[in-house]
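Pasted below: coords_5.txt, compact mmCIF, C-alpha atoms.
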# COMPACT_ATOMS: atom_id res chain seq x y z
CA MET A 73 -71.23 14.70 -25.85
CA SER A 74 -72.80 12.95 -28.82
CA GLU A 75 -75.20 15.17 -30.71
CA ARG A 76 -78.30 13.32 -29.77
CA ASN A 77 -77.67 12.17 -26.19
CA PRO A 78 -77.72 14.91 -23.55
CA ALA A 79 -76.49 12.48 -20.88
CA ASP A 80 -73.24 11.75 -22.71
CA ILE A 81 -71.22 14.45 -20.99
CA GLY A 82 -68.07 12.79 -19.61
CA GLY A 83 -65.00 14.90 -20.34
CA GLU A 84 -66.76 18.20 -20.96
CA GLN A 85 -65.70 21.39 -19.22
CA ASP A 86 -67.71 22.62 -16.27
CA GLY A 87 -67.41 24.85 -13.23
CA PRO A 88 -66.68 24.08 -9.59
CA ILE A 89 -68.55 21.19 -8.03
CA ASP A 90 -70.93 21.83 -5.14
CA THR A 91 -69.32 19.24 -2.88
CA VAL A 92 -71.99 19.45 -0.17
CA ASP A 93 -74.54 16.63 -0.16
CA HIS A 94 -77.92 18.36 -0.08
CA GLY A 95 -79.79 15.13 0.52
CA LEU A 96 -83.31 14.41 -0.65
CA LYS A 97 -86.66 16.02 0.03
CA PHE A 98 -89.39 13.69 1.19
CA TRP A 99 -91.10 13.55 -2.21
CA GLU A 100 -87.74 12.74 -3.82
CA LYS A 101 -87.24 9.82 -1.45
CA GLN A 102 -90.71 8.62 -2.36
CA ALA A 103 -90.04 9.15 -6.10
CA ASN A 104 -86.85 7.15 -5.77
CA ALA A 105 -88.71 4.36 -3.98
CA LEU A 106 -91.42 4.42 -6.66
CA ARG A 107 -88.83 4.09 -9.43
CA ASN A 108 -87.07 1.32 -7.56
CA THR A 109 -90.33 -0.55 -6.91
CA LEU A 110 -91.29 -0.32 -10.58
CA THR A 111 -87.95 -1.62 -11.83
CA SER A 112 -87.61 -4.40 -9.27
CA ARG A 113 -91.15 -5.57 -10.12
CA LYS A 114 -90.26 -5.25 -13.82
CA VAL A 115 -93.13 -2.88 -14.58
CA VAL A 116 -90.54 -0.82 -16.45
CA ARG A 117 -86.85 -1.40 -17.05
CA LEU A 118 -84.07 0.83 -15.77
CA ASP A 119 -82.69 0.99 -19.32
CA GLU A 120 -86.04 2.33 -20.54
CA LEU A 121 -86.06 4.98 -17.83
CA ARG A 122 -82.53 6.07 -18.74
CA ARG A 123 -83.44 6.27 -22.40
CA ALA A 124 -86.59 8.23 -21.61
CA ALA A 125 -84.46 10.74 -19.69
CA GLU A 126 -82.11 11.05 -22.68
CA ASP A 127 -85.12 11.57 -24.96
CA LEU A 128 -85.82 14.82 -23.06
CA GLY A 129 -83.15 16.41 -25.28
CA LEU A 130 -82.15 19.92 -24.28
CA ARG A 131 -84.79 19.92 -21.52
CA TYR A 132 -82.45 17.48 -19.73
CA TYR A 133 -80.21 20.41 -18.75
CA ARG A 134 -83.04 22.57 -17.47
CA LEU A 135 -84.30 20.05 -14.94
CA GLY A 136 -82.99 18.96 -11.58
CA TYR A 137 -82.23 15.28 -11.08
CA PHE A 138 -85.60 14.20 -9.68
CA GLU A 139 -87.53 16.49 -12.01
CA ARG A 140 -85.78 14.72 -14.83
CA THR A 141 -86.47 11.22 -13.54
CA THR A 142 -90.12 12.14 -12.89
CA GLU A 143 -90.67 13.47 -16.39
CA ALA A 144 -88.85 10.48 -17.85
CA LEU A 145 -91.12 8.12 -15.92
CA ARG A 146 -94.23 10.01 -17.01
CA ASN A 147 -93.19 9.96 -20.66
CA LEU A 148 -92.36 6.27 -20.49
CA LEU A 149 -95.64 5.31 -18.82
CA LEU A 150 -97.57 7.32 -21.42
CA GLU A 151 -95.53 5.76 -24.21
CA LYS A 152 -96.28 2.27 -22.93
CA GLY A 153 -99.96 3.08 -22.52
CA MET A 154 -99.85 2.37 -18.80
CA LEU A 155 -101.32 5.79 -18.13
CA THR A 156 -103.25 8.22 -20.28
CA ARG A 157 -102.72 11.96 -20.28
CA ALA A 158 -106.32 12.50 -19.21
CA GLU A 159 -105.97 10.20 -16.19
CA LEU A 160 -102.76 11.86 -15.17
CA GLU A 161 -104.16 15.36 -15.47
CA ARG A 162 -107.22 14.37 -13.43
CA LYS A 163 -105.12 12.78 -10.72
CA MET A 164 -102.69 15.70 -10.61
CA ALA A 165 -105.63 18.09 -10.16
CA GLU A 166 -106.89 15.92 -7.31
CA VAL A 167 -103.45 15.84 -5.65
CA ARG A 168 -103.06 19.58 -6.13
CA ARG A 169 -106.42 20.21 -4.41
CA ARG A 170 -105.22 18.32 -1.34
CA TYR A 171 -102.48 20.88 -0.82
CA ASP A 172 -104.71 23.84 -1.53
CA PRO A 173 -107.64 23.53 0.79
CA MET B 197 -107.97 6.82 -0.38
CA SER B 198 -104.58 5.24 0.26
CA ALA B 199 -102.54 5.70 3.40
CA THR B 200 -99.80 7.60 1.59
CA HIS B 201 -101.76 10.80 2.10
CA ASP B 202 -100.71 11.00 5.74
CA HIS B 203 -97.99 13.61 5.86
CA HIS B 204 -94.55 12.56 6.99
CA PRO B 205 -92.90 14.91 9.52
CA GLN B 206 -90.16 15.79 7.01
CA GLU B 207 -92.77 17.15 4.59
CA LYS B 208 -94.13 19.78 6.94
CA ASP B 209 -90.93 21.82 6.68
CA GLU B 210 -90.62 21.63 2.94
CA GLY B 211 -93.11 24.18 1.65
CA PRO B 212 -95.76 23.87 -1.04
CA PRO B 213 -95.33 21.02 -3.53
CA SER B 214 -93.69 21.60 -6.89
CA GLU B 215 -95.30 20.51 -10.12
CA HIS B 216 -92.95 17.54 -10.28
CA GLU B 217 -93.82 16.46 -6.77
CA ILE B 218 -97.50 16.55 -7.71
CA MET B 219 -96.72 14.61 -10.90
CA SER B 220 -94.77 11.95 -9.01
CA ARG B 221 -97.46 11.46 -6.36
CA ALA B 222 -100.16 11.33 -9.01
CA MET B 223 -98.31 8.66 -10.96
CA GLN B 224 -97.76 6.60 -7.83
CA GLU B 225 -101.43 6.71 -6.89
CA LEU B 226 -102.57 5.81 -10.39
CA LEU B 227 -100.17 2.85 -10.51
CA GLU B 228 -101.45 1.71 -7.12
CA GLU B 229 -105.05 2.01 -8.29
CA LYS B 230 -104.20 -0.08 -11.33
CA GLY B 231 -102.73 -2.76 -9.06
CA LEU B 232 -99.24 -2.56 -10.55
CA ILE B 233 -97.66 -1.65 -7.20
CA THR B 234 -98.82 -1.13 -3.65
CA SER B 235 -98.13 1.76 -1.31
CA GLU B 236 -96.67 -0.75 1.13
CA GLN B 237 -94.04 -1.80 -1.42
CA VAL B 238 -93.02 1.82 -1.95
CA ARG B 239 -92.98 2.51 1.76
CA ARG B 240 -90.79 -0.52 2.36
CA ARG B 241 -88.30 0.63 -0.29
CA MET B 242 -88.14 4.04 1.34
CA GLU B 243 -87.36 2.36 4.64
CA LEU B 244 -84.58 0.26 3.12
CA PHE B 245 -83.00 3.30 1.50
CA GLU B 246 -83.28 5.33 4.70
CA GLN B 247 -82.34 2.84 7.37
CA GLU B 248 -80.68 -0.23 5.92
CA PHE B 249 -78.64 0.46 2.80
CA PRO B 250 -76.58 3.45 4.05
CA GLN B 251 -75.17 1.40 6.94
CA ARG B 252 -73.82 -1.43 4.88
CA GLY B 253 -70.84 -0.08 2.95
CA SER B 254 -68.80 1.01 5.95
CA ARG B 255 -69.52 -2.31 7.70
CA VAL B 256 -68.42 -4.35 4.69
CA VAL B 257 -65.17 -2.44 4.22
CA ALA B 258 -64.44 -2.39 7.96
CA HIS B 259 -64.81 -6.16 7.91
CA ALA B 260 -62.40 -6.32 4.95
CA TRP B 261 -59.88 -4.27 6.93
CA ALA B 262 -60.21 -6.62 9.90
CA ASP B 263 -60.31 -9.93 8.02
CA PRO B 264 -57.70 -10.53 5.26
CA ALA B 265 -59.52 -13.59 3.91
CA PHE B 266 -62.75 -11.60 3.51
CA ARG B 267 -60.81 -8.77 1.93
CA LYS B 268 -59.41 -11.15 -0.67
CA ARG B 269 -62.88 -12.51 -1.45
CA LEU B 270 -64.33 -9.01 -1.63
CA LEU B 271 -61.72 -7.87 -4.13
CA ALA B 272 -62.21 -11.02 -6.22
CA ASP B 273 -66.02 -10.78 -6.40
CA GLY B 274 -67.77 -8.11 -4.36
CA LYS B 275 -71.25 -9.47 -4.76
CA ALA B 276 -70.30 -13.05 -3.88
CA ALA B 277 -68.27 -12.00 -0.84
CA CYS B 278 -71.14 -9.91 0.51
CA ALA B 279 -73.65 -12.70 -0.11
CA GLN B 280 -71.45 -15.18 1.73
CA TRP B 281 -71.30 -12.71 4.61
CA GLY B 282 -75.10 -12.55 4.67
CA LEU B 283 -75.61 -9.32 2.71
CA GLU B 284 -77.79 -9.55 -0.40
CA LEU B 285 -77.03 -6.65 -2.70
CA GLU B 286 -80.15 -7.06 -4.86
CA ALA B 287 -79.29 -6.08 -8.42
CA ASP B 288 -75.87 -4.55 -7.67
CA ARG B 289 -73.00 -6.40 -9.36
CA LEU B 290 -70.37 -5.14 -7.00
CA ILE B 291 -66.69 -4.71 -7.88
CA ALA B 292 -64.43 -3.57 -5.03
CA VAL B 293 -61.29 -1.65 -5.98
CA GLU B 294 -58.50 -1.19 -3.47
CA ASN B 295 -56.42 1.87 -2.74
CA THR B 296 -52.72 1.16 -2.26
CA PRO B 297 -49.68 3.36 -1.64
CA GLN B 298 -49.36 3.56 -5.45
CA VAL B 299 -53.02 3.77 -6.52
CA HIS B 300 -56.04 5.88 -5.59
CA ASN B 301 -59.48 4.98 -6.96
CA VAL B 302 -62.51 7.20 -7.56
CA VAL B 303 -65.94 6.28 -8.96
CA VAL B 304 -68.41 8.10 -11.21
CA CYS B 305 -71.26 7.38 -13.60
CA THR B 306 -70.80 9.89 -16.40
CA LEU B 307 -73.97 8.82 -18.22
CA CYS B 308 -76.44 8.98 -15.33
CA SER B 309 -76.01 8.07 -11.64
CA CYS B 310 -75.26 4.36 -11.39
CA TYR B 311 -74.13 3.72 -7.85
CA PRO B 312 -74.14 0.67 -5.53
CA ARG B 313 -77.39 1.75 -3.87
CA ALA B 314 -77.96 -1.51 -2.03
CA LEU B 315 -74.57 -1.02 -0.39
CA LEU B 316 -74.39 2.74 0.12
CA GLY B 317 -77.98 4.05 -0.12
CA MET B 318 -78.80 7.11 -2.18
CA PRO B 319 -75.96 8.80 -4.04
CA PRO B 320 -75.05 12.28 -2.82
CA THR B 321 -76.24 15.26 -4.84
CA TRP B 322 -72.70 16.01 -6.03
CA TYR B 323 -72.33 12.51 -7.50
CA LYS B 324 -75.44 13.08 -9.63
CA SER B 325 -74.38 16.60 -10.63
CA GLU B 326 -73.44 17.41 -14.19
CA SER B 327 -70.22 19.09 -13.07
CA TYR B 328 -68.93 15.96 -11.32
CA ARG B 329 -69.99 13.70 -14.18
CA ARG B 330 -68.29 15.95 -16.72
CA ARG B 331 -65.05 16.69 -14.90
CA VAL B 332 -63.87 13.78 -12.76
CA VAL B 333 -63.00 11.50 -15.70
CA ARG B 334 -60.86 14.21 -17.25
CA GLU B 335 -59.33 16.04 -14.28
CA PRO B 336 -59.62 13.78 -11.24
CA ARG B 337 -56.87 15.50 -9.27
CA ALA B 338 -58.46 18.93 -9.59
CA VAL B 339 -61.86 17.48 -8.65
CA LEU B 340 -60.46 15.67 -5.61
CA LYS B 341 -58.80 18.90 -4.55
CA GLU B 342 -62.24 20.56 -4.54
CA PHE B 343 -63.28 17.91 -2.04
CA GLY B 344 -60.23 18.78 0.05
CA THR B 345 -58.43 15.58 -0.92
CA LEU B 346 -54.85 15.96 -2.09
CA ILE B 347 -53.37 12.93 -3.81
CA PRO B 348 -49.56 13.04 -4.02
CA GLY B 349 -48.12 13.33 -7.53
CA HIS B 350 -46.46 9.93 -7.44
CA VAL B 351 -49.74 8.12 -6.68
CA SER B 352 -51.64 7.10 -9.78
CA ILE B 353 -55.37 7.78 -9.98
CA ARG B 354 -57.86 5.34 -11.51
CA VAL B 355 -61.28 6.69 -12.38
CA HIS B 356 -63.98 4.03 -12.69
CA ASP B 357 -66.89 5.03 -14.88
CA SER B 358 -69.76 2.69 -13.96
CA ASN B 359 -71.31 3.07 -17.38
CA ALA B 360 -72.93 -0.35 -17.80
CA ASP B 361 -73.85 -3.25 -15.51
CA MET B 362 -71.23 -3.20 -12.74
CA ARG B 363 -71.19 -1.12 -9.54
CA TYR B 364 -68.14 -0.02 -7.62
CA VAL B 365 -66.94 0.53 -4.07
CA VAL B 366 -63.51 1.78 -3.05
CA VAL B 367 -61.57 -0.03 -0.30
CA PRO B 368 -59.45 2.76 1.21
CA MET B 369 -56.10 2.13 2.85
CA ARG B 370 -56.41 1.54 6.55
CA PRO B 371 -54.74 4.49 8.29
CA SER B 372 -52.15 4.03 11.01
CA GLY B 373 -53.43 4.70 14.50
CA THR B 374 -56.29 2.19 14.09
CA GLU B 375 -54.43 -0.83 15.42
CA GLY B 376 -56.63 -2.94 17.69
CA TRP B 377 -59.83 -1.08 16.75
CA THR B 378 -63.12 -2.95 16.67
CA GLU B 379 -64.95 -3.24 13.35
CA GLU B 380 -67.49 -0.73 14.66
CA GLN B 381 -64.73 1.79 15.28
CA LEU B 382 -63.25 1.12 11.86
CA ALA B 383 -66.66 1.55 10.22
CA SER B 384 -67.02 4.96 11.89
CA ILE B 385 -64.16 6.42 9.82
CA LEU B 386 -65.29 4.76 6.58
CA THR B 387 -67.62 7.54 5.52
CA ARG B 388 -69.60 7.33 2.32
CA ASP B 389 -67.24 9.78 0.65
CA THR B 390 -64.25 7.52 1.37
CA LEU B 391 -66.08 4.60 -0.28
CA VAL B 392 -66.70 6.58 -3.48
CA GLY B 393 -63.11 7.80 -3.46
CA VAL B 394 -63.40 11.57 -2.98
CA ALA B 395 -62.15 11.47 0.62
CA LEU B 396 -59.65 9.54 2.74
CA PRO B 397 -60.52 8.02 6.11
CA LYS B 398 -59.42 10.20 9.02
CA VAL B 399 -58.44 8.92 12.45
CA MET C 214 -75.52 -21.03 -5.88
CA THR C 215 -73.89 -17.91 -4.47
CA PRO C 216 -74.66 -14.73 -6.38
CA SER C 217 -71.73 -13.29 -8.26
CA ALA C 218 -70.86 -9.95 -9.80
CA TYR C 219 -69.86 -11.87 -12.92
CA THR C 220 -71.51 -14.27 -15.31
CA PRO C 221 -69.71 -16.79 -17.52
CA ALA C 222 -68.70 -15.68 -21.01
CA PRO C 223 -67.13 -18.76 -22.60
CA ARG C 224 -67.67 -17.70 -26.21
CA ARG C 225 -65.93 -14.37 -25.96
CA ARG C 226 -63.72 -12.64 -28.45
CA PHE C 227 -61.18 -11.04 -26.12
CA ASN C 228 -59.18 -12.03 -23.05
CA VAL C 229 -57.56 -10.16 -20.17
CA GLY C 230 -54.51 -8.19 -21.29
CA GLU C 231 -55.46 -7.96 -24.96
CA ARG C 232 -55.31 -4.54 -26.55
CA VAL C 233 -58.56 -3.28 -28.03
CA ARG C 234 -59.83 -0.15 -29.69
CA VAL C 235 -63.31 1.28 -29.13
CA LYS C 236 -65.17 1.80 -32.40
CA VAL C 237 -65.63 5.25 -33.79
CA ALA C 238 -69.37 5.44 -34.38
CA ASN C 239 -72.12 7.88 -33.52
CA PRO C 240 -75.31 5.86 -33.83
CA PRO C 241 -78.55 7.43 -32.64
CA GLY C 242 -80.40 6.09 -29.65
CA HIS C 243 -79.46 4.72 -26.27
CA ARG C 244 -75.80 3.69 -26.00
CA ARG C 245 -73.73 2.95 -22.93
CA THR C 246 -70.38 3.68 -24.62
CA PRO C 247 -69.56 7.30 -23.78
CA SER C 248 -68.35 9.51 -26.63
CA TYR C 249 -65.13 10.38 -24.82
CA ILE C 250 -63.85 6.81 -25.14
CA ARG C 251 -64.86 6.11 -28.74
CA GLY C 252 -61.82 5.59 -30.95
CA LYS C 253 -59.50 5.12 -27.96
CA GLU C 254 -57.20 2.18 -27.36
CA GLY C 255 -56.87 0.30 -24.10
CA ALA C 256 -56.44 -3.16 -22.60
CA ILE C 257 -58.98 -5.69 -21.32
CA GLU C 258 -58.81 -5.51 -17.54
CA ARG C 259 -61.44 -8.16 -16.80
CA VAL C 260 -64.31 -10.03 -18.37
CA CYS C 261 -67.57 -9.08 -16.65
CA GLY C 262 -69.84 -11.61 -18.31
CA CYS C 263 -72.80 -11.76 -20.67
CA PHE C 264 -75.72 -9.40 -20.27
CA PRO C 265 -78.77 -8.45 -22.31
CA ASN C 266 -77.94 -5.58 -24.66
CA PRO C 267 -78.98 -2.30 -22.96
CA GLU C 268 -79.29 -0.65 -26.37
CA GLU C 269 -82.25 -2.96 -27.01
CA LEU C 270 -83.66 -3.11 -23.47
CA ALA C 271 -84.04 0.65 -23.60
CA TYR C 272 -86.78 0.27 -26.22
CA GLY C 273 -88.68 -2.61 -24.64
CA PHE C 274 -86.92 -5.45 -26.45
CA ASP C 275 -85.50 -8.36 -24.48
CA GLY C 276 -81.88 -7.59 -25.34
CA GLU C 277 -81.19 -11.17 -26.44
CA PRO C 278 -78.85 -12.64 -27.44
CA LYS C 279 -76.71 -11.46 -24.56
CA ARG C 280 -73.50 -9.57 -25.32
CA VAL C 281 -70.13 -9.93 -23.63
CA LEU C 282 -69.17 -7.02 -21.38
CA TYR C 283 -65.54 -6.18 -20.56
CA ARG C 284 -63.82 -3.76 -18.23
CA VAL C 285 -61.24 -1.95 -20.32
CA ARG C 286 -58.38 0.11 -18.90
CA PHE C 287 -57.19 3.22 -20.73
CA LYS C 288 -54.20 5.44 -19.98
CA GLN C 289 -55.52 8.94 -19.40
CA GLN C 290 -52.78 10.31 -21.67
CA ASP C 291 -54.26 8.21 -24.49
CA VAL C 292 -57.76 9.56 -23.88
CA TRP C 293 -57.26 13.31 -23.35
CA SER C 294 -54.82 15.46 -25.28
CA GLY C 295 -52.70 17.45 -22.89
CA TYR C 296 -53.57 15.26 -19.88
CA ASP C 297 -51.23 16.62 -17.28
CA ALA C 298 -50.22 14.15 -14.61
CA LEU C 299 -48.14 11.05 -14.11
CA ALA C 300 -48.15 8.52 -16.93
CA GLU C 301 -49.86 5.90 -14.81
CA ASP C 302 -53.30 7.52 -14.39
CA PHE C 303 -56.10 5.39 -15.86
CA VAL C 304 -59.77 5.54 -16.65
CA GLU C 305 -61.59 2.21 -16.57
CA LEU C 306 -64.95 1.58 -18.20
CA GLU C 307 -67.24 -1.26 -19.14
CA ILE C 308 -67.45 -1.72 -22.89
CA TYR C 309 -69.65 -4.18 -24.77
CA GLU C 310 -67.93 -6.52 -27.20
CA HIS C 311 -69.71 -5.15 -30.25
CA TRP C 312 -68.06 -1.78 -29.60
CA LEU C 313 -64.55 -3.27 -29.62
CA ASP C 314 -62.05 -4.17 -32.33
CA PRO C 315 -58.62 -5.69 -31.80
CA ALA C 316 -56.01 -2.93 -31.61

Let me see the structure of the file written as structure tokens.
Amino acid sequence: MSERNPADIGGEQDGPIDTVDHGLKFWEKQANALRNTLTSRKVVRLDELRRAAEDLGLRYYRLGYFERTTEALRNLLLEKGMLTRAELERKMAEVRRRYDP
Amino acid sequence: MSATHDHHPQEKDEGPPSEHEIMSRAMQELLEEKGLITSEQVRRRMELFEQEFPQRGSRVVAHAWADPAFRKRLLADGKAACAQWGLELEADRLIAVENTPQVHNVVVCTLCSCYPRALLGMPPTWYKSESYRRRVVREPRAVLKEFGTLIPGHVSIRVHDSNADMRYVVVPMRPSGTEGWTEEQLASILTRDTLVGVALPKV
Amino acid sequence: MTPSAYTPAPRRRFNVGERVRVKVANPPGHRRTPSYIRGKEGAIERVCGCFPNPEELAYGFDGEPKRVLYRVRFKQQDVWSGYDALAEDFVELEIYEHWLDPA
């Protein structure tokens, strides 16, 4: 692993692999489709998303795969000014309320 | 309000949403509101990933088993061969690697999770796991053993790290006992795991 | 024109079969050359084509001019000390031309 890139892990030691495919939750399928739609429409580039995931640093290892890709997308959209923090917080509160009637 | 708020049957069993789920939905809705994407586009992608992409890999390789000329074209240029056969692989620059009595192939993306999604659908959770990404380039035999796949000592293993622009699919050896099978029957033993290289087709 | 996995790379530095060594370098930022292969020697297995540089795309630049991408084949024994298996095990990766020197 290079010092700065948490994704650069080929060849490191690790434990047994969980060889069962646990599939995707519904929101993960939707998150994947969102990511795919954004890259195919060139709203963001796949390379930018990868780099944004790497920029998470040590947090990279604390997140599951889709948590990581979601945070990377958020950080990238904020960085590019496509969303503001305020908008996102407002919308998240609105979404949260839908689940918590 | 957009139509994405209707709950899909799968969601009902999955418990309260996590913070990341909320974040992802919020981002999607904001991007829709800003006109950068539509919910229909996202829904259509979900459909492709669920229903279309996962069926393709086994059909392509079954066709290669049945048709030597197609096999040759597939091994020369995976993307071109599929396109000629009527299968557009979107962004995937496909390279097909063949297993032989002397060589076994296995695929990984050590840096993230690059995978021929337009051919195989979503990668399995183990493919995206840090333990697979770390270990298979360095100890492929031990990793394959964890999948229950024993490669004889005299067979050489090639690990393909799809670390840049290309995507990979493994063409397994066609087992004996499949003589005269239809392509549909052949496709039924070409599981996703055989096309990534962690399993061998079983009759 | 039929799509292809490959694009032309007429002005390339290396050809199939040539021995190359991956640079030893640890630059910051987004790189698609894994650490485990840096400094290792292998052979060009195929020429993939010319693609925009991912190291630039990652930051919103257009990645031009395109760089030549190669598949390079390495003997596992040459990559990992103490690699314990038959001599003919390989690892094959895609390496951009600017990461390669003649061996």

Could you tell me, as a PDB file with C-alpha atoms, keeping the file's coordinate frame, which residues have any atom at most 8 Å from (-67.2, 17.2, -18.6), counting only C-alpha atoms?
ATOM      1  CA  ILE A  81     -71.220  14.450 -20.990  1.00  0.00           C
ATOM      2  CA  GLY A  82     -68.070  12.790 -19.610  1.00  0.00           C
ATOM      3  CA  GLY A  83     -65.000  14.900 -20.340  1.00  0.00           C
ATOM      4  CA  GLU A  84     -66.760  18.200 -20.960  1.00  0.00           C
ATOM      5  CA  GLN A  85     -65.700  21.390 -19.220  1.00  0.00           C
ATOM      6  CA  ASP A  86     -67.710  22.620 -16.270  1.00  0.00           C
TER       7      ASP A  86
ATOM      8  CA  GLU B 326     -73.440  17.410 -14.190  1.00  0.00           C
ATOM      9  CA  SER B 327     -70.220  19.090 -13.070  1.00  0.00           C
ATOM     10  CA  TYR B 328     -68.930  15.960 -11.320  1.00  0.00           C
ATOM     11  CA  ARG B 329     -69.990  13.700 -14.180  1.00  0.00           C
ATOM     12  CA  ARG B 330     -68.290  15.950 -16.720  1.00  0.00           C
ATOM     13  CA  ARG B 331     -65.050  16.690 -14.900  1.00  0.00           C
ATOM     14  CA  VAL B 332     -63.870  13.780 -12.760  1.00  0.00           C
ATOM     15  CA  VAL B 333     -63.000  11.500 -15.700  1.00  0.00           C
ATOM     16  CA  ARG B 334     -60.860  14.210 -17.250  1.00  0.00           C
TER      17      ARG B 334
END

**Request:** Return the neighbours of chain C among the residues of chain A, cut-off 8 Å, counting only C-alpha atoms, as a ChimeraX atom specification.
**Result:** /A:73-74,76-77,80-83,117-123,126

**Item:** Interface, chain A side, toward chain B (7 Å; all atoms listed in the file) as a PyMOL selection string
**Value:** chain A and resi 79-87+89-95+98-99+101-103+105-106+109+139+142+160+163-164+167-168

**Message:** Please find the residues of chain C near chain B - the criterion being any atom within 9 Å, counting only C-alpha atoms - and write them as a list in words.
**Reply:**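 Written out as asked, the residues are Thr215, Pro216, Ser217, Ala218, Tyr219, Arg245, Thr246, Pro247, Cys261, Phe264, Pro267, Leu282, Gln289, Val292, Trp293, Tyr296, Asp297, Ala298, Leu299, Ala300, Glu301, Asp302, Phe303, Val304, Glu305, Leu306, Glu307, Ile308 and Tyr309 of chain C.
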
**Request:** Mind giving me the straight-line distance from atom CA of B:Leu386 to atom CA of B:Ser254 in Å, one decimal?
**Result:**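 According to the coordinates, atom CA of B:Leu386 and atom CA of B:Ser254 are separated by 5.2 Å.
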
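Atom CA of C:Pro278 sits 27.6 Å away from atom CA of A:Asn147.
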
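The two atoms in question, atom CA of B:Glu380 and atom CA of B:Ala258, are spaced 7.5 Å apart.
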
Hey, what's within 10 Å of C:Pro315 if we count all atoms listed in the file and toss same-chain stuff fewer than 4 positions away? As a PDB file with C-alpha atoms, keeping the file's coordinate frame, please?
ATOM      1  CA  ARG C 226     -63.720 -12.640 -28.450  1.00  0.00           C
ATOM      2  CA  PHE C 227     -61.180 -11.040 -26.120  1.00  0.00           C
ATOM      3  CA  GLU C 231     -55.460  -7.960 -24.960  1.00  0.00           C
ATOM      4  CA  ARG C 232     -55.310  -4.540 -26.550  1.00  0.00           C
ATOM      5  CA  VAL C 233     -58.560  -3.280 -28.030  1.00  0.00           C
ATOM      6  CA  ARG C 234     -59.830  -0.150 -29.690  1.00  0.00           C
ATOM      7  CA  VAL C 235     -63.310   1.280 -29.130  1.00  0.00           C
ATOM      8  CA  LYS C 236     -65.170   1.800 -32.400  1.00  0.00           C
ATOM      9  CA  GLU C 254     -57.200   2.180 -27.360  1.00  0.00           C
ATOM     10  CA  GLY C 255     -56.870   0.300 -24.100  1.00  0.00           C
ATOM     11  CA  ALA C 256     -56.440  -3.160 -22.600  1.00  0.00           C
TER      12      ALA C 256
END

B:Val366: which residues within 6 Å, counting all atoms listed in the file, same-chain residues fewer than 4 positions away excluded, as a PDB file with C-alpha atoms, in the frame of the given file?
ATOM      1  CA  ALA B 292     -64.430  -3.570  -5.030  1.00  0.00           C
ATOM      2  CA  VAL B 293     -61.290  -1.650  -5.980  1.00  0.00           C
ATOM      3  CA  GLU B 294     -58.500  -1.190  -3.470  1.00  0.00           C
ATOM      4  CA  LEU B 391     -66.080   4.600  -0.280  1.00  0.00           C
ATOM      5  CA  VAL B 392     -66.700   6.580  -3.480  1.00  0.00           C
TER       6      VAL B 392
END

**Asked** Hey, what's within 10 Å of C:Pro223 if we count only C-alpha atoms and toss same-chain stuff fewer than 2 positions away? As a list in words, please?
**Response**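 Close residues of C:Pro223: Thr220, Pro221, Arg225, Arg226, Gly262, Cys263 and Val281 of chain C.
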
**Message:** Taking all atoms listed in the file into account, name the residue in A:Leu135, A:Ala124, A:Val116, A:Leu130 that is nearest to A:Met154.
**Reply:**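 So, comparing all the options, the nearest one is A:Val116.
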